[in-house]
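Enquirer: Next up, entry-v3.cif (mmCIF, C-alpha atoms).
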data_my_file
#
loop_
_atom_site.label_atom_id
_atom_site.label_comp_id
_atom_site.auth_asym_id
_atom_site.auth_seq_id
_atom_site.Cartn_x
_atom_site.Cartn_y
_atom_site.Cartn_z
CA MET A 1 0.00 0.00 0.00
CA ARG A 2 2.78 2.40 0.85
CA LEU A 3 6.17 3.14 -0.60
CA ASP A 4 7.82 3.46 2.80
CA VAL A 5 8.41 -0.25 3.34
CA ILE A 6 12.15 0.30 3.48
CA LEU A 7 11.71 2.94 6.17
CA ARG A 8 9.37 0.78 8.23
CA VAL A 9 11.60 -2.29 8.12
CA GLY A 10 14.78 -0.27 8.56
CA VAL A 11 13.42 1.56 11.59
CA LYS A 12 12.33 -1.68 13.19
CA LEU A 13 15.83 -3.01 12.69
CA ILE A 14 17.59 0.07 13.96
CA ILE A 15 15.56 0.88 17.10
CA PRO A 16 16.88 -1.99 19.28
CA PHE A 17 20.41 -0.90 18.49
CA MET A 18 19.56 2.71 19.31
CA LEU A 19 18.21 1.68 22.71
CA ILE A 20 21.21 -0.51 23.45
CA PHE A 21 23.52 2.28 22.35
CA GLY A 22 21.66 4.67 24.65
CA LEU A 23 22.18 2.31 27.59
CA TYR A 24 25.83 1.89 26.61
CA VAL A 25 26.37 5.64 26.50
CA GLN A 26 24.62 5.95 29.87
CA LEU A 27 26.42 3.19 31.74
CA HIS A 28 29.79 3.51 30.01
CA GLY A 29 29.85 7.24 30.80
CA ASP A 30 32.11 6.40 33.74
CA TYR A 31 34.84 5.20 31.40
CA GLY A 32 34.28 6.80 28.00
CA PRO A 33 32.47 9.79 26.58
CA GLY A 34 28.82 9.91 27.44
CA GLY A 35 26.41 10.38 30.29
CA GLY A 36 22.83 11.12 31.13
CA PHE A 37 22.27 13.96 28.67
CA GLN A 38 23.57 12.16 25.60
CA ALA A 39 21.94 8.86 26.52
CA GLY A 40 18.64 10.59 27.27
CA VAL A 41 18.57 12.20 23.86
CA ILE A 42 19.43 8.91 22.14
CA VAL A 43 16.66 7.04 23.99
CA ALA A 44 14.20 9.85 23.20
CA GLY A 45 15.40 9.74 19.61
CA SER A 46 14.41 6.09 19.27
CA VAL A 47 10.86 6.86 20.42
CA ILE A 48 10.66 9.89 18.13
CA VAL A 49 11.88 7.91 15.12
CA TYR A 50 9.25 5.28 15.86
CA ALA A 51 6.57 7.98 16.08
CA LEU A 52 7.74 9.58 12.82
CA ILE A 53 7.46 6.36 10.84
CA PHE A 54 4.55 4.52 12.47
CA GLY A 55 2.47 7.47 13.63
CA ILE A 56 1.99 9.08 16.99
CA GLU A 57 -0.76 6.68 18.17
CA GLU A 58 1.50 3.66 17.73
CA ALA A 59 4.28 5.40 19.63
CA GLN A 60 1.93 6.31 22.46
CA ARG A 61 1.03 2.66 22.86
CA ILE A 62 4.60 1.90 23.94
CA ALA A 63 5.32 5.26 25.60
CA PRO A 64 1.97 6.66 26.80
CA ARG A 65 1.83 10.39 27.32
CA ARG A 66 0.78 10.04 30.94
CA LEU A 67 3.86 7.91 31.65
CA VAL A 68 6.21 10.28 29.80
CA GLU A 69 4.85 13.31 31.64
CA PHE A 70 5.17 11.44 34.93
CA LEU A 71 8.83 10.70 34.21
CA VAL A 72 9.74 14.36 33.59
CA PRO A 73 9.63 15.37 37.28
CA LEU A 74 10.69 11.90 38.43
CA GLY A 75 14.21 12.37 37.04
CA VAL A 76 14.60 15.69 38.86
CA LEU A 77 13.34 13.96 42.00
CA ILE A 78 15.92 11.15 41.67
CA TYR A 79 18.66 13.76 41.36
CA ALA A 80 17.38 15.85 44.26
CA MET A 81 16.82 12.84 46.52
CA THR A 82 20.41 11.71 45.93
CA GLY A 83 21.45 15.13 47.20
CA VAL A 84 19.01 15.12 50.12
CA PHE A 85 20.32 11.71 51.19
CA GLY A 86 23.68 13.31 51.89
CA LEU A 87 21.91 16.11 53.73
CA LEU A 88 20.06 13.63 55.96
CA ASN A 89 23.33 11.93 56.88
CA GLY A 90 24.94 15.09 58.11
CA GLN A 91 26.84 16.01 54.93
CA ASN A 92 26.36 18.77 52.40
CA PHE A 93 23.66 18.68 49.73
CA LEU A 94 24.84 16.41 46.87
CA ASP A 95 27.73 14.99 48.92
CA TYR A 96 27.69 11.37 47.75
CA SER A 97 30.35 10.02 50.12
CA VAL A 98 27.68 8.66 52.51
CA LEU A 99 26.11 6.41 49.85
CA ALA A 100 28.57 3.55 50.51
CA ALA A 101 30.93 2.31 53.18
CA HIS A 102 33.90 4.36 52.03
CA ALA A 103 33.86 7.68 50.24
CA PRO A 104 35.15 6.89 46.70
CA ALA A 105 32.69 4.01 46.23
CA GLY A 106 29.89 6.22 47.50
CA ARG A 107 30.81 8.96 45.06
CA GLU A 108 30.86 6.47 42.18
CA ARG A 109 27.39 5.30 43.19
CA GLY A 110 26.21 8.89 43.51
CA ILE A 111 27.39 9.69 40.00
CA LEU A 112 25.49 6.66 38.71
CA LEU A 113 22.26 7.70 40.48
CA VAL A 114 22.52 11.31 39.40
CA GLU A 115 23.18 10.33 35.79
CA ALA A 116 20.11 8.08 35.93
CA GLY A 117 18.06 11.07 37.04
CA VAL A 118 19.43 13.15 34.16
CA LEU A 119 18.63 10.34 31.70
CA VAL A 120 15.02 10.05 32.87
CA THR A 121 14.33 13.79 32.77
CA VAL A 122 16.07 14.51 29.46
CA ALA A 123 14.59 11.53 27.61
CA SER A 124 11.03 12.10 28.84
CA THR A 125 11.19 15.86 28.27
CA MET A 126 12.28 15.40 24.65
CA VAL A 127 9.52 12.87 23.98
CA ALA A 128 6.93 15.02 25.78
CA LEU A 129 7.94 18.06 23.71
CA PHE A 130 7.62 16.03 20.53
CA TYR A 131 4.17 14.80 21.58
CA ALA A 132 3.09 18.34 22.48
CA PHE A 133 4.16 19.72 19.10
CA SER A 134 2.73 16.92 16.99
CA GLU A 135 -0.61 16.77 18.81
CA ARG A 136 -1.04 20.52 18.54
CA GLY A 137 -0.75 20.28 14.76
CA ARG A 138 -3.74 18.02 14.33
CA MET B 1 38.33 23.93 6.47
CA LEU B 2 35.55 23.02 8.92
CA LEU B 3 35.38 26.60 10.15
CA THR B 4 35.10 27.85 6.57
CA LEU B 5 32.19 25.47 5.99
CA LEU B 6 30.60 26.75 9.21
CA VAL B 7 30.80 30.33 7.95
CA VAL B 8 29.36 29.34 4.55
CA VAL B 9 26.44 27.48 6.16
CA THR B 10 25.75 30.42 8.49
CA ILE B 11 25.63 32.90 5.60
CA VAL B 12 23.30 30.62 3.64
CA ILE B 13 21.03 30.24 6.69
CA VAL B 14 20.80 34.02 7.06
CA ARG B 15 20.08 34.55 3.36
CA MET B 16 17.56 31.74 2.94
CA ARG B 17 13.81 32.41 3.04
CA SER B 18 12.54 28.83 3.02
CA LEU B 19 12.30 27.78 6.68
CA PHE B 20 12.46 24.09 5.80
CA GLY B 21 15.85 24.66 4.21
CA VAL B 22 16.94 26.69 7.21
CA ILE B 23 16.10 23.80 9.56
CA VAL B 24 17.98 21.27 7.42
CA LEU B 25 20.96 23.60 7.24
CA SER B 26 20.94 24.18 10.99
CA GLY B 27 21.21 20.41 11.36
CA VAL B 28 24.19 20.54 9.00
CA TYR B 29 25.62 23.38 11.10
CA SER B 30 25.30 21.30 14.28
CA PHE B 31 27.01 18.37 12.62
CA LEU B 32 29.90 20.58 11.47
CA MET B 33 30.12 22.01 14.98
CA ALA B 34 30.27 18.48 16.39
CA SER B 35 33.15 17.73 13.98
CA VAL B 36 34.97 20.87 15.13
CA LEU B 37 34.55 19.78 18.76
CA MET B 38 35.87 16.33 17.83
CA VAL B 39 38.98 17.98 16.39
CA TYR B 40 39.46 19.74 19.72
CA ASP B 41 39.18 16.34 21.53
CA ALA B 42 36.01 17.46 23.34
CA VAL B 43 34.28 14.15 22.67
CA ASP B 44 31.57 14.52 25.31
CA VAL B 45 30.48 17.91 24.00
CA ALA B 46 30.69 16.71 20.39
CA MET B 47 28.39 13.82 21.24
CA THR B 48 25.86 16.15 22.85
CA GLU B 49 26.01 18.55 19.91
CA ALA B 50 25.46 15.73 17.41
CA ALA B 51 22.60 14.16 19.39
CA VAL B 52 20.82 17.32 20.55
CA GLY B 53 21.72 19.87 17.89
CA ALA B 54 21.64 17.72 14.77
CA GLY B 55 19.14 15.14 15.99
CA VAL B 56 16.37 16.08 18.38
CA SER B 57 16.28 19.84 17.86
CA THR B 58 15.97 19.38 14.08
CA VAL B 59 12.96 17.12 14.63
CA LEU B 60 11.43 19.54 17.14
CA LEU B 61 11.97 22.47 14.76
CA LEU B 62 10.31 20.50 11.95
CA ALA B 63 7.40 19.78 14.30
CA ALA B 64 7.19 23.49 15.07
CA LEU B 65 7.29 24.28 11.36
CA HIS B 66 4.24 22.04 11.01
CA LEU B 67 2.37 24.59 13.16
CA THR B 68 3.50 27.69 11.30
CA ASP B 69 4.13 28.94 7.79
CA ALA B 70 7.02 27.40 5.89
CA ARG B 71 8.27 30.69 4.44
CA GLU B 72 9.80 33.68 6.14
CA TYR B 73 8.27 36.98 5.05
CA PRO B 74 10.84 39.39 3.61
CA GLN B 75 11.88 42.30 5.78
CA PRO B 76 10.02 45.41 4.55
CA ARG B 77 12.83 47.91 5.30
CA PRO B 78 16.61 47.61 5.55
CA ALA B 79 17.69 47.05 9.12
CA ALA B 80 20.41 49.71 9.50
CA LEU B 81 20.36 50.06 13.28
CA PRO B 82 20.53 46.31 14.06
CA LEU B 83 23.39 45.99 11.57
CA LEU B 84 25.24 48.83 13.28
CA VAL B 85 24.73 47.24 16.72
CA ALA B 86 25.89 43.86 15.42
CA VAL B 87 29.03 45.34 13.86
CA ILE B 88 29.90 47.29 17.01
CA VAL B 89 29.37 44.28 19.29
CA GLY B 90 31.44 42.13 16.92
CA LEU B 91 34.29 44.66 16.94
CA VAL B 92 34.20 44.88 20.76
CA LEU B 93 34.35 41.08 21.00
CA ILE B 94 37.29 40.93 18.58
CA TRP B 95 39.02 43.65 20.58
CA ALA B 96 38.42 41.63 23.77
CA THR B 97 40.09 38.54 22.30
CA TYR B 98 43.46 40.38 22.43
CA ASP B 99 43.35 39.99 26.24
CA LEU B 100 42.80 36.23 26.06
CA PRO B 101 45.76 33.92 26.68
CA ALA B 102 47.15 32.35 23.50
CA PHE B 103 45.06 29.48 22.17
CA GLY B 104 45.81 26.09 23.74
CA ILE B 105 48.62 27.43 25.93
CA ALA B 106 49.33 25.22 28.94
CA ASP B 107 49.67 27.82 31.70
CA ALA B 108 46.45 29.72 30.98
CA PRO B 109 44.53 30.55 34.18
CA ILE B 110 41.83 27.99 33.34
CA HIS B 111 44.42 25.17 33.47
CA ARG B 112 45.99 26.24 36.76
CA HIS B 113 43.02 26.70 39.12
CA VAL B 114 41.09 23.50 39.99
CA ALA B 115 41.72 21.53 36.80
CA PRO B 116 45.03 19.95 37.97
CA HIS B 117 43.33 18.74 41.16
CA TYR B 118 40.54 17.12 39.14
CA LEU B 119 42.94 15.48 36.69
CA GLN B 120 45.18 14.08 39.41
CA ASN B 121 42.61 13.02 41.99
CA ALA B 122 39.40 12.19 40.09
CA ILE B 123 40.03 8.45 39.79
CA LYS B 124 41.27 8.16 43.37
CA GLU B 125 38.39 10.15 44.85
CA THR B 126 35.45 8.98 42.74
CA GLN B 127 36.53 5.68 41.10
CA VAL B 128 35.33 7.10 37.78
CA ALA B 129 37.85 6.89 34.96
CA ASN B 130 36.25 9.57 32.76
CA VAL B 131 37.24 12.86 34.36
CA VAL B 132 34.54 14.71 32.42
CA SER B 133 31.85 12.58 34.06
CA ALA B 134 33.47 12.98 37.47
CA VAL B 135 33.57 16.76 37.13
CA LEU B 136 30.03 17.06 35.75
CA ALA B 137 28.25 14.70 38.13
CA ASP B 138 30.38 14.99 41.26
CA TYR B 139 32.62 18.04 41.61
CA ARG B 140 30.20 20.28 39.72
CA SER B 141 27.05 18.47 40.74
CA PHE B 142 25.20 21.65 41.62
CA ASP B 143 25.66 22.97 38.08
CA THR B 144 24.38 19.75 36.55
CA PHE B 145 21.41 19.84 38.91
CA GLY B 146 20.71 23.35 37.63
CA GLU B 147 20.92 22.09 34.04
CA VAL B 148 18.40 19.34 34.75
CA ILE B 149 16.10 21.91 36.34
CA VAL B 150 16.46 24.05 33.19
CA VAL B 151 15.48 21.13 30.94
CA PHE B 152 12.57 20.32 33.27
CA THR B 153 11.33 23.92 33.40
CA ALA B 154 11.65 24.43 29.65
CA GLY B 155 9.74 21.22 28.98
CA ILE B 156 6.95 22.12 31.41
CA GLY B 157 6.73 25.61 29.91
CA VAL B 158 6.40 24.41 26.32
CA MET B 159 3.84 21.76 27.28
CA LEU B 160 1.74 24.31 29.16
CA LEU B 161 1.88 26.79 26.27
CA LEU B 162 0.91 24.28 23.59
CA LYS B 163 -1.81 22.57 25.60
CA GLY B 164 -3.36 25.69 27.10
CA ARG B 165 -4.03 27.17 23.67
CA ARG B 166 -5.69 24.03 22.35
CA GLN B 167 -8.10 23.79 25.27
CA ARG B 168 -9.13 27.41 24.90
CA ARG B 169 -9.82 27.06 21.19
CA ASP B 170 -11.88 23.89 21.53
CA GLY B 171 -13.81 25.25 24.49
CA SER B 172 -15.46 21.98 25.37
CA GLU B 173 -12.21 20.19 26.21
CA GLY B 174 -11.70 21.23 29.80
CA GLY B 175 -9.41 19.69 32.37
CA LEU B 176 -6.31 17.59 31.95
CA ARG B 177 -6.51 14.71 29.57
#
Can you present the structure in this file as structure tokens?
Expert:
Amino acid sequence: MRLDVILRVGVKLIIPFMLIFGLYVQLHGDYGPGGGFQAGVIVAGSVIVYALIFGIEEAQRIAPRRLVEFLVPLGVLIYAMTGVFGLLNGQNFLDYSVLAAHAPAGRERGILLVEAGVLVTVASTMVALFYAFSERGR
Amino acid sequence: MLLTLLVVVTIVIVRMRSLFGVIVLSGVYSFLMASVLMVYDAVDVAMTEAAVGAGVSTVLLLAALHLTDAREYPQPRPAALPLLVAVIVGLVLIWATYDLPAFGIADAPIHRHVAPHYLQNAIKETQVANVVSAVLADYRSFDTFGEVIVVFTAGIGVMLLLKGRRQRRDGSEGGLR
């Protein structure tokens, strides 16, 4: 029916790799280039590509708008709670050294948690913006 | 070479009236910028520029174009005053560059303040091998928190703007859906 068979098949092939690459960029950020911002945009990009090819309704079946809009503040909350945890244990705000038995391990864990918060907020904000724009146009 | 291409793309963007072309070219611009950052070994920033500038923002701009007209209306009168302001600001900035330390020099102030401490102690203090990640998420955690808040606030703002208008126009669609 359509001439975009190549796009549809190609996108289906490429999206798993995009998601894996997003996770790689997120978790390998400790050792190589990358981190929450880049990974968040890559993960959001996979949802947006899916929405571009298969339509916004199909995309909202896997990433519903309610869920995406719930995740936007959740990421900020993860970040802030990581900071407040230090505060509750008698350290400064965002002092991660209390997150584990000795300080360097705690700081590594803190970086991981904070980057997870960044990933959640950035990815969901990008997808939510895309939804907002594309739904407004209809 | 890359910088020359950047200048060419910028001039074309300014001259072009078709907004679709402008969006495509701004994606090209971001990609060139990412290449320039790669040349300077700023891999983390290059990655962000390629993913955000060339990827997501191009898609978001195209989505915005969907809501507006695809052509820019020509300026009715020549803009002499803005041109004058731009030229003066540009000259002041060029004049200010004479006070900068020479490009890439090792004992510039930026390399002597806290940077040596980060480079020498980051792995020992945080167990994270990528110093950029250690600085962003640990030593400069407050700044990154601010950045996340900026992304959050901008997202909320755009969503409120786009949704609020639609509800008012439809009238019947009240409340959050």
Enquirer: What residues in chain B lie within 9 Å of chain A, counting only C-alpha atoms, written as a PyMOL selection string?
Expert: chain B and resi 43-45+47-49+51-52+55-56+59-60+63-64+66-67+123-134+136-138+141-142+144-145+148-149+151-152+154-156+158-159+162-163+165-166+177
Enquirer: For the structure shown, which residues end up in the PyMOL selection byres ((chain A and resi 15-21) around 9)? Put them as a list of chain:residue names, please?
Expert: A:Gly10, A:Val11, A:Lys12, A:Leu13, A:Ile14, A:Gly22, A:Leu23, A:Tyr24, A:Val25, A:Gln26, A:Ala39, A:Ile42, A:Val43, A:Gly45, A:Ser46, A:Val47, A:Val49, A:Tyr50
Enquirer: Select all residues near (33.7, 27.2, 11.5) (cut-off 12 Å, inclusive, file coordinates), counting only C-alpha atoms, and output them as a list in words.
Expert: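 Here is the list of nearby residues: Met1, Leu2, Leu3, Thr4, Leu5, Leu6, Val7, Val8, Val9, Thr10, Ile11, Val28, Tyr29, Ser30, Phe31, Leu32, Met33, Ala34, Ser35, Val36, Leu37 and Val39 of chain B.
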Enquirer: Name the closest residue to Val9 in chain A among the candidates A:Leu87, A:Ile53, A:Val68, A:Met81; distances are taken between atoms, counting all atoms listed in the file.
Expert: A:Ile53
